[in-house]
$ cat model-v6.cif   # mmCIF, N, CA and C atoms
data_structure
loop_
_atom_site.label_atom_id
_atom_site.label_comp_id
_atom_site.auth_asym_id
_atom_site.auth_seq_id
_atom_site.Cartn_x
_atom_site.Cartn_y
_atom_site.Cartn_z
N MET F 1 102.80 25.48 70.98
CA MET F 1 103.38 26.73 70.50
C MET F 1 104.89 26.65 70.62
N SER F 2 105.61 27.00 69.55
CA SER F 2 107.07 26.91 69.58
C SER F 2 107.67 28.28 69.89
N TRP F 3 108.84 28.24 70.45
CA TRP F 3 109.54 29.47 70.82
C TRP F 3 110.30 30.00 69.62
N ALA F 4 110.20 31.28 69.37
CA ALA F 4 110.92 31.91 68.26
C ALA F 4 112.22 32.48 68.81
N GLY F 5 113.32 32.08 68.21
CA GLY F 5 114.62 32.58 68.63
C GLY F 5 114.86 34.00 68.12
N PRO F 6 115.95 34.64 68.55
CA PRO F 6 116.23 36.01 68.14
C PRO F 6 116.38 36.16 66.63
N GLU F 7 116.91 35.13 65.95
CA GLU F 7 117.06 35.23 64.50
C GLU F 7 115.70 35.31 63.82
N ASP F 8 114.67 34.66 64.39
CA ASP F 8 113.32 34.74 63.83
C ASP F 8 112.78 36.16 63.95
N MET F 9 113.08 36.81 65.07
CA MET F 9 112.61 38.17 65.27
C MET F 9 113.21 39.10 64.20
N TYR F 10 114.50 38.93 63.91
CA TYR F 10 115.14 39.79 62.91
C TYR F 10 114.57 39.54 61.53
N LEU F 11 114.31 38.27 61.19
CA LEU F 11 113.73 37.93 59.90
C LEU F 11 112.37 38.60 59.75
N SER F 12 111.53 38.46 60.76
CA SER F 12 110.19 39.03 60.70
C SER F 12 110.24 40.55 60.60
N THR F 13 111.12 41.14 61.37
CA THR F 13 111.23 42.60 61.34
C THR F 13 111.70 43.09 59.99
N SER F 14 112.70 42.42 59.42
CA SER F 14 113.23 42.89 58.14
C SER F 14 112.23 42.66 57.01
N LEU F 15 111.51 41.56 57.00
CA LEU F 15 110.52 41.31 55.95
C LEU F 15 109.32 42.24 56.09
N ALA F 16 109.01 42.65 57.31
CA ALA F 16 107.87 43.56 57.52
C ALA F 16 108.06 44.86 56.75
N SER F 17 109.29 45.28 56.58
CA SER F 17 109.55 46.53 55.85
C SER F 17 109.25 46.39 54.35
N TYR F 18 109.13 45.15 53.85
CA TYR F 18 108.83 44.91 52.44
C TYR F 18 107.34 44.71 52.17
N LEU F 19 106.51 44.63 53.21
CA LEU F 19 105.08 44.40 53.01
C LEU F 19 104.47 45.47 52.09
N ASP F 20 103.64 45.02 51.17
CA ASP F 20 102.95 45.89 50.21
C ASP F 20 103.91 46.62 49.27
N ARG F 21 105.10 46.08 49.12
CA ARG F 21 106.08 46.66 48.19
C ARG F 21 106.44 45.61 47.15
N LYS F 22 106.87 46.09 45.98
CA LYS F 22 107.29 45.17 44.93
C LYS F 22 108.68 44.65 45.28
N ILE F 23 108.82 43.31 45.26
CA ILE F 23 110.09 42.69 45.63
C ILE F 23 110.53 41.69 44.56
N LEU F 24 111.80 41.33 44.65
CA LEU F 24 112.39 40.27 43.84
C LEU F 24 112.77 39.16 44.79
N VAL F 25 112.42 37.92 44.44
CA VAL F 25 112.78 36.76 45.26
C VAL F 25 113.60 35.82 44.39
N LEU F 26 114.80 35.52 44.84
CA LEU F 26 115.66 34.55 44.15
C LEU F 26 115.48 33.22 44.85
N LEU F 27 115.14 32.18 44.09
CA LEU F 27 114.90 30.86 44.66
C LEU F 27 116.13 29.95 44.50
N ARG F 28 116.17 28.89 45.29
CA ARG F 28 117.30 27.95 45.25
C ARG F 28 117.54 27.37 43.87
N ASP F 29 116.47 27.17 43.10
CA ASP F 29 116.64 26.57 41.77
C ASP F 29 117.01 27.60 40.71
N GLY F 30 117.26 28.86 41.14
CA GLY F 30 117.72 29.89 40.23
C GLY F 30 116.62 30.75 39.65
N ARG F 31 115.35 30.39 39.89
CA ARG F 31 114.27 31.21 39.36
C ARG F 31 114.21 32.55 40.07
N LYS F 32 113.76 33.57 39.35
CA LYS F 32 113.62 34.91 39.88
C LYS F 32 112.14 35.29 39.79
N LEU F 33 111.53 35.55 40.94
CA LEU F 33 110.12 35.92 40.99
C LEU F 33 109.99 37.36 41.44
N MET F 34 109.03 38.06 40.85
CA MET F 34 108.76 39.44 41.25
C MET F 34 107.28 39.56 41.55
N GLY F 35 106.95 40.40 42.51
CA GLY F 35 105.56 40.63 42.85
C GLY F 35 105.47 41.48 44.10
N THR F 36 104.26 41.75 44.52
CA THR F 36 104.02 42.56 45.71
C THR F 36 103.88 41.63 46.91
N LEU F 37 104.73 41.84 47.93
CA LEU F 37 104.69 41.02 49.13
C LEU F 37 103.44 41.35 49.93
N ARG F 38 102.56 40.35 50.10
CA ARG F 38 101.32 40.57 50.85
C ARG F 38 101.36 39.93 52.22
N SER F 39 102.12 38.85 52.39
CA SER F 39 102.16 38.19 53.69
C SER F 39 103.42 37.34 53.79
N PHE F 40 103.84 37.05 55.03
CA PHE F 40 105.00 36.19 55.27
C PHE F 40 104.89 35.65 56.68
N ASP F 41 105.70 34.66 56.99
CA ASP F 41 105.76 34.15 58.36
C ASP F 41 107.22 34.02 58.79
N GLN F 42 107.41 33.44 59.98
CA GLN F 42 108.76 33.36 60.55
C GLN F 42 109.68 32.42 59.78
N PHE F 43 109.12 31.61 58.87
CA PHE F 43 109.93 30.68 58.09
C PHE F 43 110.26 31.24 56.70
N ALA F 44 109.92 32.49 56.47
CA ALA F 44 110.10 33.18 55.18
C ALA F 44 109.18 32.63 54.10
N ASN F 45 108.15 31.86 54.51
CA ASN F 45 107.08 31.55 53.56
C ASN F 45 106.46 32.89 53.20
N ALA F 46 106.17 33.08 51.93
CA ALA F 46 105.70 34.40 51.50
C ALA F 46 104.59 34.26 50.47
N VAL F 47 103.73 35.27 50.44
CA VAL F 47 102.67 35.35 49.45
C VAL F 47 102.94 36.58 48.60
N LEU F 48 103.06 36.36 47.28
CA LEU F 48 103.25 37.46 46.33
C LEU F 48 101.96 37.65 45.53
N GLU F 49 101.54 38.88 45.41
CA GLU F 49 100.39 39.20 44.56
C GLU F 49 100.91 39.79 43.26
N GLY F 50 100.25 39.43 42.16
CA GLY F 50 100.69 39.91 40.86
C GLY F 50 102.07 39.42 40.51
N ALA F 51 102.36 38.19 40.92
CA ALA F 51 103.70 37.63 40.73
C ALA F 51 103.97 37.28 39.28
N CYS F 52 105.24 37.36 38.91
CA CYS F 52 105.68 36.88 37.61
C CYS F 52 107.08 36.31 37.78
N GLU F 53 107.41 35.39 36.90
CA GLU F 53 108.76 34.83 36.86
C GLU F 53 109.52 35.52 35.75
N ARG F 54 110.66 36.10 36.10
CA ARG F 54 111.49 36.72 35.07
C ARG F 54 112.49 35.68 34.59
N VAL F 55 112.38 35.34 33.31
CA VAL F 55 113.27 34.37 32.69
C VAL F 55 114.21 35.13 31.78
N ILE F 56 115.52 34.91 31.96
CA ILE F 56 116.53 35.58 31.15
C ILE F 56 117.39 34.52 30.48
N VAL F 57 117.48 34.61 29.17
CA VAL F 57 118.35 33.71 28.39
C VAL F 57 119.16 34.61 27.46
N GLY F 58 120.47 34.66 27.72
CA GLY F 58 121.32 35.54 26.91
C GLY F 58 120.89 36.99 27.08
N GLU F 59 120.52 37.63 25.99
CA GLU F 59 120.06 39.03 26.05
C GLU F 59 118.55 39.13 25.88
N GLN F 60 117.86 38.00 25.99
CA GLN F 60 116.41 37.98 25.89
C GLN F 60 115.81 37.76 27.27
N TYR F 61 114.62 38.32 27.48
CA TYR F 61 113.93 38.07 28.74
C TYR F 61 112.43 38.08 28.53
N CYS F 62 111.73 37.48 29.48
CA CYS F 62 110.28 37.44 29.46
C CYS F 62 109.79 37.39 30.90
N ASP F 63 108.74 38.13 31.19
CA ASP F 63 108.09 38.07 32.49
C ASP F 63 106.84 37.21 32.33
N ILE F 64 106.87 36.02 32.91
CA ILE F 64 105.76 35.07 32.79
C ILE F 64 104.82 35.28 33.98
N PRO F 65 103.58 35.71 33.72
CA PRO F 65 102.65 35.98 34.82
C PRO F 65 102.26 34.72 35.59
N LEU F 66 102.24 34.83 36.92
CA LEU F 66 101.89 33.71 37.78
C LEU F 66 100.66 34.00 38.64
N GLY F 67 100.31 35.28 38.80
CA GLY F 67 99.17 35.64 39.64
C GLY F 67 99.54 35.65 41.11
N LEU F 68 98.61 35.17 41.96
CA LEU F 68 98.87 35.06 43.39
C LEU F 68 99.75 33.84 43.60
N TYR F 69 100.87 34.00 44.30
CA TYR F 69 101.86 32.93 44.36
C TYR F 69 102.35 32.75 45.78
N VAL F 70 102.37 31.51 46.25
CA VAL F 70 102.87 31.19 47.59
C VAL F 70 104.25 30.57 47.43
N ILE F 71 105.21 31.10 48.18
CA ILE F 71 106.60 30.62 48.11
C ILE F 71 106.96 29.98 49.44
N ARG F 72 107.45 28.77 49.37
CA ARG F 72 107.91 28.09 50.59
C ARG F 72 109.27 28.67 51.00
N GLY F 73 109.37 29.06 52.25
CA GLY F 73 110.55 29.76 52.74
C GLY F 73 111.87 29.04 52.56
N GLU F 74 111.86 27.69 52.62
CA GLU F 74 113.12 26.96 52.49
C GLU F 74 113.71 27.08 51.09
N ASN F 75 112.93 27.54 50.14
CA ASN F 75 113.43 27.71 48.77
C ASN F 75 113.98 29.11 48.50
N VAL F 76 113.82 30.01 49.46
CA VAL F 76 114.23 31.40 49.27
C VAL F 76 115.72 31.56 49.56
N VAL F 77 116.43 32.15 48.59
CA VAL F 77 117.84 32.47 48.77
C VAL F 77 118.00 33.94 49.14
N LEU F 78 117.22 34.79 48.47
CA LEU F 78 117.38 36.24 48.63
C LEU F 78 116.05 36.93 48.38
N ILE F 79 115.77 37.95 49.16
CA ILE F 79 114.60 38.80 48.94
C ILE F 79 115.11 40.23 48.90
N GLY F 80 114.71 40.96 47.87
CA GLY F 80 115.15 42.35 47.75
C GLY F 80 114.04 43.25 47.26
N ASP F 81 114.12 44.49 47.65
CA ASP F 81 113.16 45.52 47.25
C ASP F 81 113.46 45.95 45.81
N LEU F 82 112.43 46.14 45.00
CA LEU F 82 112.61 46.63 43.63
C LEU F 82 112.30 48.12 43.59
N ASP F 83 113.16 48.87 42.96
CA ASP F 83 112.93 50.30 42.79
C ASP F 83 112.05 50.49 41.57
N THR F 84 110.79 50.82 41.79
CA THR F 84 109.83 50.92 40.69
C THR F 84 110.07 52.14 39.80
N GLU F 85 110.88 53.08 40.26
CA GLU F 85 111.15 54.27 39.45
C GLU F 85 112.35 54.09 38.52
N ARG F 86 113.12 53.06 38.74
CA ARG F 86 114.30 52.80 37.89
C ARG F 86 113.99 51.74 36.86
N GLU F 87 114.68 51.81 35.75
CA GLU F 87 114.59 50.74 34.73
C GLU F 87 115.23 49.50 35.34
N GLU F 88 114.54 48.37 35.25
CA GLU F 88 114.99 47.15 35.92
C GLU F 88 116.07 46.39 35.15
N LEU F 89 116.14 46.59 33.84
CA LEU F 89 117.09 45.83 33.02
C LEU F 89 117.93 46.77 32.18
N PRO F 90 119.14 46.33 31.82
CA PRO F 90 119.97 47.14 30.93
C PRO F 90 119.26 47.33 29.58
N PRO F 91 119.54 48.42 28.89
CA PRO F 91 118.84 48.73 27.64
C PRO F 91 119.05 47.72 26.52
N HIS F 92 120.13 46.94 26.56
CA HIS F 92 120.38 45.98 25.48
C HIS F 92 119.51 44.72 25.58
N MET F 93 118.80 44.55 26.70
CA MET F 93 117.94 43.37 26.87
C MET F 93 116.71 43.49 25.98
N ILE F 94 116.31 42.37 25.39
CA ILE F 94 115.18 42.34 24.46
C ILE F 94 114.05 41.53 25.07
N ARG F 95 112.89 42.16 25.18
CA ARG F 95 111.71 41.45 25.70
C ARG F 95 111.13 40.58 24.59
N VAL F 96 110.88 39.30 24.91
CA VAL F 96 110.31 38.36 23.93
C VAL F 96 109.08 37.69 24.54
N SER F 97 108.37 36.94 23.71
CA SER F 97 107.16 36.26 24.17
C SER F 97 107.53 35.05 25.03
N GLU F 98 106.54 34.52 25.74
CA GLU F 98 106.76 33.33 26.57
C GLU F 98 107.18 32.14 25.71
N THR F 99 106.59 32.01 24.53
CA THR F 99 106.95 30.91 23.62
C THR F 99 108.41 31.02 23.19
N GLU F 100 108.84 32.23 22.85
CA GLU F 100 110.23 32.43 22.40
C GLU F 100 111.23 32.15 23.53
N ILE F 101 110.90 32.59 24.75
CA ILE F 101 111.85 32.39 25.85
C ILE F 101 111.93 30.92 26.22
N LYS F 102 110.81 30.20 26.15
CA LYS F 102 110.83 28.76 26.44
C LYS F 102 111.66 28.01 25.39
N ARG F 103 111.56 28.46 24.14
CA ARG F 103 112.37 27.86 23.07
C ARG F 103 113.85 28.13 23.34
N ALA F 104 114.18 29.35 23.73
CA ALA F 104 115.57 29.72 24.02
C ALA F 104 116.09 28.93 25.22
N GLN F 105 115.24 28.72 26.23
CA GLN F 105 115.63 27.93 27.40
C GLN F 105 115.96 26.49 26.99
N LYS F 106 115.13 25.94 26.10
CA LYS F 106 115.34 24.56 25.65
C LYS F 106 116.67 24.43 24.91
N VAL F 107 116.94 25.39 24.02
CA VAL F 107 118.21 25.39 23.27
C VAL F 107 119.39 25.49 24.24
N GLU F 108 119.28 26.39 25.23
CA GLU F 108 120.35 26.57 26.20
C GLU F 108 120.56 25.30 27.03
N ARG F 109 119.47 24.66 27.45
CA ARG F 109 119.55 23.42 28.23
C ARG F 109 120.19 22.31 27.42
N GLU F 110 119.80 22.18 26.14
CA GLU F 110 120.38 21.14 25.28
C GLU F 110 121.87 21.38 25.06
N ALA F 111 122.26 22.64 24.88
CA ALA F 111 123.68 22.97 24.70
C ALA F 111 124.47 22.62 25.96
N SER F 112 123.89 22.89 27.11
CA SER F 112 124.54 22.59 28.38
C SER F 112 124.71 21.08 28.55
N GLU F 113 123.67 20.33 28.20
CA GLU F 113 123.75 18.87 28.29
C GLU F 113 124.81 18.32 27.33
N LEU F 114 124.90 18.90 26.16
CA LEU F 114 125.91 18.48 25.18
C LEU F 114 127.31 18.74 25.71
N ARG F 115 127.51 19.93 26.31
CA ARG F 115 128.82 20.24 26.90
C ARG F 115 129.17 19.22 27.98
N GLY F 116 128.18 18.85 28.82
CA GLY F 116 128.41 17.86 29.87
C GLY F 116 128.77 16.51 29.29
N THR F 117 128.09 16.11 28.23
CA THR F 117 128.37 14.85 27.57
C THR F 117 129.78 14.85 26.98
N MET F 118 130.14 15.94 26.32
CA MET F 118 131.48 16.04 25.73
C MET F 118 132.55 16.01 26.82
N ARG F 119 132.29 16.66 27.93
CA ARG F 119 133.26 16.68 29.04
C ARG F 119 133.48 15.27 29.57
N LYS F 120 132.38 14.50 29.71
CA LYS F 120 132.50 13.12 30.21
C LYS F 120 133.29 12.26 29.23
N ARG F 121 133.08 12.47 27.95
CA ARG F 121 133.81 11.69 26.94
C ARG F 121 135.30 12.01 26.95
N MET F 122 135.63 13.21 27.39
CA MET F 122 137.03 13.64 27.36
C MET F 122 137.73 13.43 28.71
N GLU F 123 137.05 12.85 29.70
CA GLU F 123 137.64 12.67 31.03
C GLU F 123 138.89 11.82 31.01
N PHE F 124 138.98 10.91 30.07
CA PHE F 124 140.16 10.05 30.05
C PHE F 124 141.43 10.85 29.74
N LEU F 125 141.29 12.02 29.14
CA LEU F 125 142.43 12.88 28.89
C LEU F 125 142.67 13.70 30.15
N ASP F 126 143.72 13.41 30.85
CA ASP F 126 143.99 14.11 32.10
C ASP F 126 144.82 15.36 31.78
N PHE F 127 144.16 16.52 31.84
CA PHE F 127 144.83 17.77 31.49
C PHE F 127 145.58 18.39 32.67
N ASP F 128 145.47 17.81 33.84
CA ASP F 128 146.13 18.39 35.02
C ASP F 128 147.58 18.04 35.08
#

$ encode --input "model-v6.cif" --output "structure tokens"
Amino acid sequence: MSWAGPEDMYLSTSLASYLDRKILVLLRDGRKLMGTLRSFDQFANAVLEGACERVIVGEQYCDIPLGLYVIRGENVVLIGDLDTEREELPPHMIRVSETEIKRAQKVEREASELRGTMRKRMEFLDFD
């Protein structure tokens, strides 16, 4: 049995207030997950029920259903309570299908890779 330090006590206490509530979890890789917190441990490993991944590309978004989802605590950057009575997104956001958002993600990723390639090609020009 390992000893839990004071920081573990604060983590457990603060996450306990989110049990059975809808939360947003921001992961290290930038993904945003939403769902109802059903369980957690001292390492911030968490179980979300009715989880979905919110994918946002430009002004388009899609909530991709994941079901029951286990999150490893070392990947958690932020956990926050969602206000279910408030609109979660600005009114200009457009909900699209999973197929459309994946297509938009691919286009965005390819554009980003192209920018990186162009930047590398231009490195010989020292603008500093």

$ resolve_selection --input "model-v6.cif" --expression "the PyMOL selection byres (((chain F and resi 102 and name CA) around 12) and name CA)" --output "list in words"
Arg54, Val55, Ile56, Val57, Gln60, Tyr61, Cys62, Asp63, Ile64, Val96, Ser97, Glu98, Thr99, Glu100, Ile101, Arg103, Ala104, Gln105, Lys106, Val107, Glu108 and Arg109 of chain F

$ resolve_selection --input "model-v6.cif" --expression "the PyMOL selection byres ((chain F and resi 11-25) around 6)" --output "ChimeraX atom specification"
/F:7-10,26-27,31-38,42,78-82

$ select_by_dssp --input "model-v6.cif" --residues "stretch 1-124 of chain F" --states "helix (DSSP H, G or I)" --output "PyMOL selection string"
chain F and resi 6-16+73-75+98-121

$ atom_distance --input "model-v6.cif" --atom1 "atom N of F:Glu49" --atom2 "atom CA of F:Leu68"
5.1 Å

$ select_by_dssp --input "model-v6.cif" --residues "chain F" --states "strand (DSSP E)" --output "VMD selection string"
chain F and resid 22 to 27 32 to 40 46 to 57 60 to 71 76 to 81 94 to 95

$ resolve_selection --input "model-v6.cif" --expression "the PyMOL selection byres ((chain F and resi 47) around 5)" --output "PDB file with N, CA and C atoms, in the frame of the given file"
ATOM      1  N   LEU F  37     104.730  41.840  47.930  1.00  0.00           N
ATOM      2  CA  LEU F  37     104.690  41.020  49.130  1.00  0.00           C
ATOM      3  C   LEU F  37     103.440  41.350  49.930  1.00  0.00           C
ATOM      4  N   ARG F  38     102.560  40.350  50.100  1.00  0.00           N
ATOM      5  CA  ARG F  38     101.320  40.570  50.850  1.00  0.00           C
ATOM      6  C   ARG F  38     101.360  39.930  52.220  1.00  0.00           C
ATOM      7  N   SER F  39     102.120  38.850  52.390  1.00  0.00           N
ATOM      8  CA  SER F  39     102.160  38.190  53.690  1.00  0.00           C
ATOM      9  C   SER F  39     103.420  37.340  53.790  1.00  0.00           C
ATOM     10  N   PHE F  40     103.840  37.050  55.030  1.00  0.00           N
ATOM     11  CA  PHE F  40     105.000  36.190  55.270  1.00  0.00           C
ATOM     12  C   PHE F  40     104.890  35.650  56.680  1.00  0.00           C
ATOM     13  N   ASN F  45     108.150  31.860  54.510  1.00  0.00           N
ATOM     14  CA  ASN F  45     107.080  31.550  53.560  1.00  0.00           C
ATOM     15  C   ASN F  45     106.460  32.890  53.200  1.00  0.00           C
ATOM     16  N   ALA F  46     106.170  33.080  51.930  1.00  0.00           N
ATOM     17  CA  ALA F  46     105.700  34.400  51.500  1.00  0.00           C
ATOM     18  C   ALA F  46     104.590  34.260  50.470  1.00  0.00           C
ATOM     19  N   LEU F  48     103.060  36.360  47.280  1.00  0.00           N
ATOM     20  CA  LEU F  48     103.250  37.460  46.330  1.00  0.00           C
ATOM     21  C   LEU F  48     101.960  37.650  45.530  1.00  0.00           C
ATOM     22  N   GLU F  49     101.540  38.880  45.410  1.00  0.00           N
ATOM     23  CA  GLU F  49     100.390  39.200  44.560  1.00  0.00           C
ATOM     24  C   GLU F  49     100.910  39.790  43.260  1.00  0.00           C
ATOM     25  N   TYR F  69     100.870  34.000  44.300  1.00  0.00           N
ATOM     26  CA  TYR F  69     101.860  32.930  44.360  1.00  0.00           C
ATOM     27  C   TYR F  69     102.350  32.750  45.780  1.00  0.00           C
ATOM     28  N   VAL F  70     102.370  31.510  46.250  1.00  0.00           N
ATOM     29  CA  VAL F  70     102.870  31.190  47.590  1.00  0.00           C
ATOM     30  C   VAL F  70     104.250  30.570  47.430  1.00  0.00           C
ATOM     31  N   ILE F  71     105.210  31.100  48.180  1.00  0.00           N
ATOM     32  CA  ILE F  71     106.600  30.620  48.110  1.00  0.00           C
ATOM     33  C   ILE F  71     106.960  29.980  49.440  1.00  0.00           C
TER      34      ILE F  71
END

$ atom_distance --input "model-v6.cif" --atom1 "atom CA of F:Gly67" --atom2 "atom CA of F:Arg28"
20.5 Å

$ residues_around --input "model-v6.cif" --residues "F:Gly30" --least-positions-apart "6" --cutoff "10 Å" --atoms "only C-alpha atoms" --output "count of residues only"
4

$ atom_distance --input "model-v6.cif" --atom1 "atom CA of F:Glu110" --atom2 "atom CA of F:Glu123"
20.1 Å

$ axis_aligned_box --input "model-v6.cif" --around "stretch 41-46 of chain F" --padding-each-side "6 Å" --output "JSON"
{"center_x": 107.4, "center_y": 32.7, "center_z": 55.5, "size_x": 17.7, "size_y": 16.0, "size_z": 22.1}

$ decode --input "model-v6.cif" --residues "stretch 77-89 of chain F" --atoms "N, CA, C and O atoms" --output "mmCIF file, in the first residue's frame"
data_model
loop_
_atom_site.group_PDB
_atom_site.id
_atom_site.type_symbol
_atom_site.label_atom_id
_atom_site.label_comp_id
_atom_site.auth_asym_id
_atom_site.auth_seq_id
_atom_site.Cartn_x
_atom_site.Cartn_y
_atom_site.Cartn_z
ATOM 1 N N VAL F 77 -5.180 17.257 -18.844
ATOM 2 C CA VAL F 77 -4.635 18.595 -18.633
ATOM 3 C C VAL F 77 -5.583 19.399 -17.744
ATOM 4 O O VAL F 77 -5.164 20.103 -16.838
ATOM 5 N N LEU F 78 -6.880 19.255 -18.001
ATOM 6 C CA LEU F 78 -7.872 20.080 -17.313
ATOM 7 C C LEU F 78 -9.186 19.322 -17.213
ATOM 8 O O LEU F 78 -9.569 18.618 -18.151
ATOM 9 N N ILE F 79 -9.857 19.468 -16.092
ATOM 10 C CA ILE F 79 -11.202 18.922 -15.913
ATOM 11 C C ILE F 79 -12.073 20.067 -15.433
ATOM 12 O O ILE F 79 -11.707 20.780 -14.498
ATOM 13 N N GLY F 80 -13.213 20.245 -16.082
ATOM 14 C CA GLY F 80 -14.114 21.325 -15.689
ATOM 15 C C GLY F 80 -15.563 20.900 -15.752
ATOM 16 O O GLY F 80 -15.950 20.021 -16.524
ATOM 17 N N ASP F 81 -16.358 21.517 -14.923
ATOM 18 C CA ASP F 81 -17.793 21.270 -14.857
ATOM 19 C C ASP F 81 -18.482 21.963 -16.032
ATOM 20 O O ASP F 81 -18.130 23.089 -16.382
ATOM 21 N N LEU F 82 -19.444 21.297 -16.664
ATOM 22 C CA LEU F 82 -20.212 21.907 -17.747
ATOM 23 C C LEU F 82 -21.550 22.379 -17.203
ATOM 24 O O LEU F 82 -22.234 21.638 -16.499
ATOM 25 N N ASP F 83 -21.917 23.586 -17.542
ATOM 26 C CA ASP F 83 -23.212 24.129 -17.151
ATOM 27 C C ASP F 83 -24.238 23.656 -18.163
ATOM 28 O O ASP F 83 -24.266 24.125 -19.300
ATOM 29 N N THR F 84 -25.073 22.708 -17.769
ATOM 30 C CA THR F 84 -26.025 22.108 -18.703
ATOM 31 C C THR F 84 -27.167 23.049 -19.071
ATOM 32 O O THR F 84 -27.879 22.796 -20.036
ATOM 33 N N GLU F 85 -27.325 24.135 -18.334
ATOM 34 C CA GLU F 85 -28.405 25.083 -18.637
ATOM 35 C C GLU F 85 -27.971 26.159 -19.628
ATOM 36 O O GLU F 85 -28.799 26.881 -20.158
ATOM 37 N N ARG F 86 -26.687 26.283 -19.859
ATOM 38 C CA ARG F 86 -26.172 27.295 -20.796
ATOM 39 C C ARG F 86 -25.861 26.669 -22.134
ATOM 40 O O ARG F 86 -25.507 25.500 -22.221
ATOM 41 N N GLU F 87 -25.949 27.465 -23.172
ATOM 42 C CA GLU F 87 -25.515 27.020 -24.509
ATOM 43 C C GLU F 87 -24.005 26.853 -24.458
ATOM 44 O O GLU F 87 -23.292 27.722 -23.990
ATOM 45 N N GLU F 88 -23.503 25.718 -24.926
ATOM 46 C CA GLU F 88 -22.089 25.402 -24.795
ATOM 47 C C GLU F 88 -21.207 26.069 -25.850
ATOM 48 O O GLU F 88 -20.027 26.216 -25.663
ATOM 49 N N LEU F 89 -21.785 26.431 -26.989
ATOM 50 C CA LEU F 89 -20.986 26.998 -28.079
ATOM 51 C C LEU F 89 -21.582 28.318 -28.544
ATOM 52 O O LEU F 89 -22.791 28.536 -28.444
#
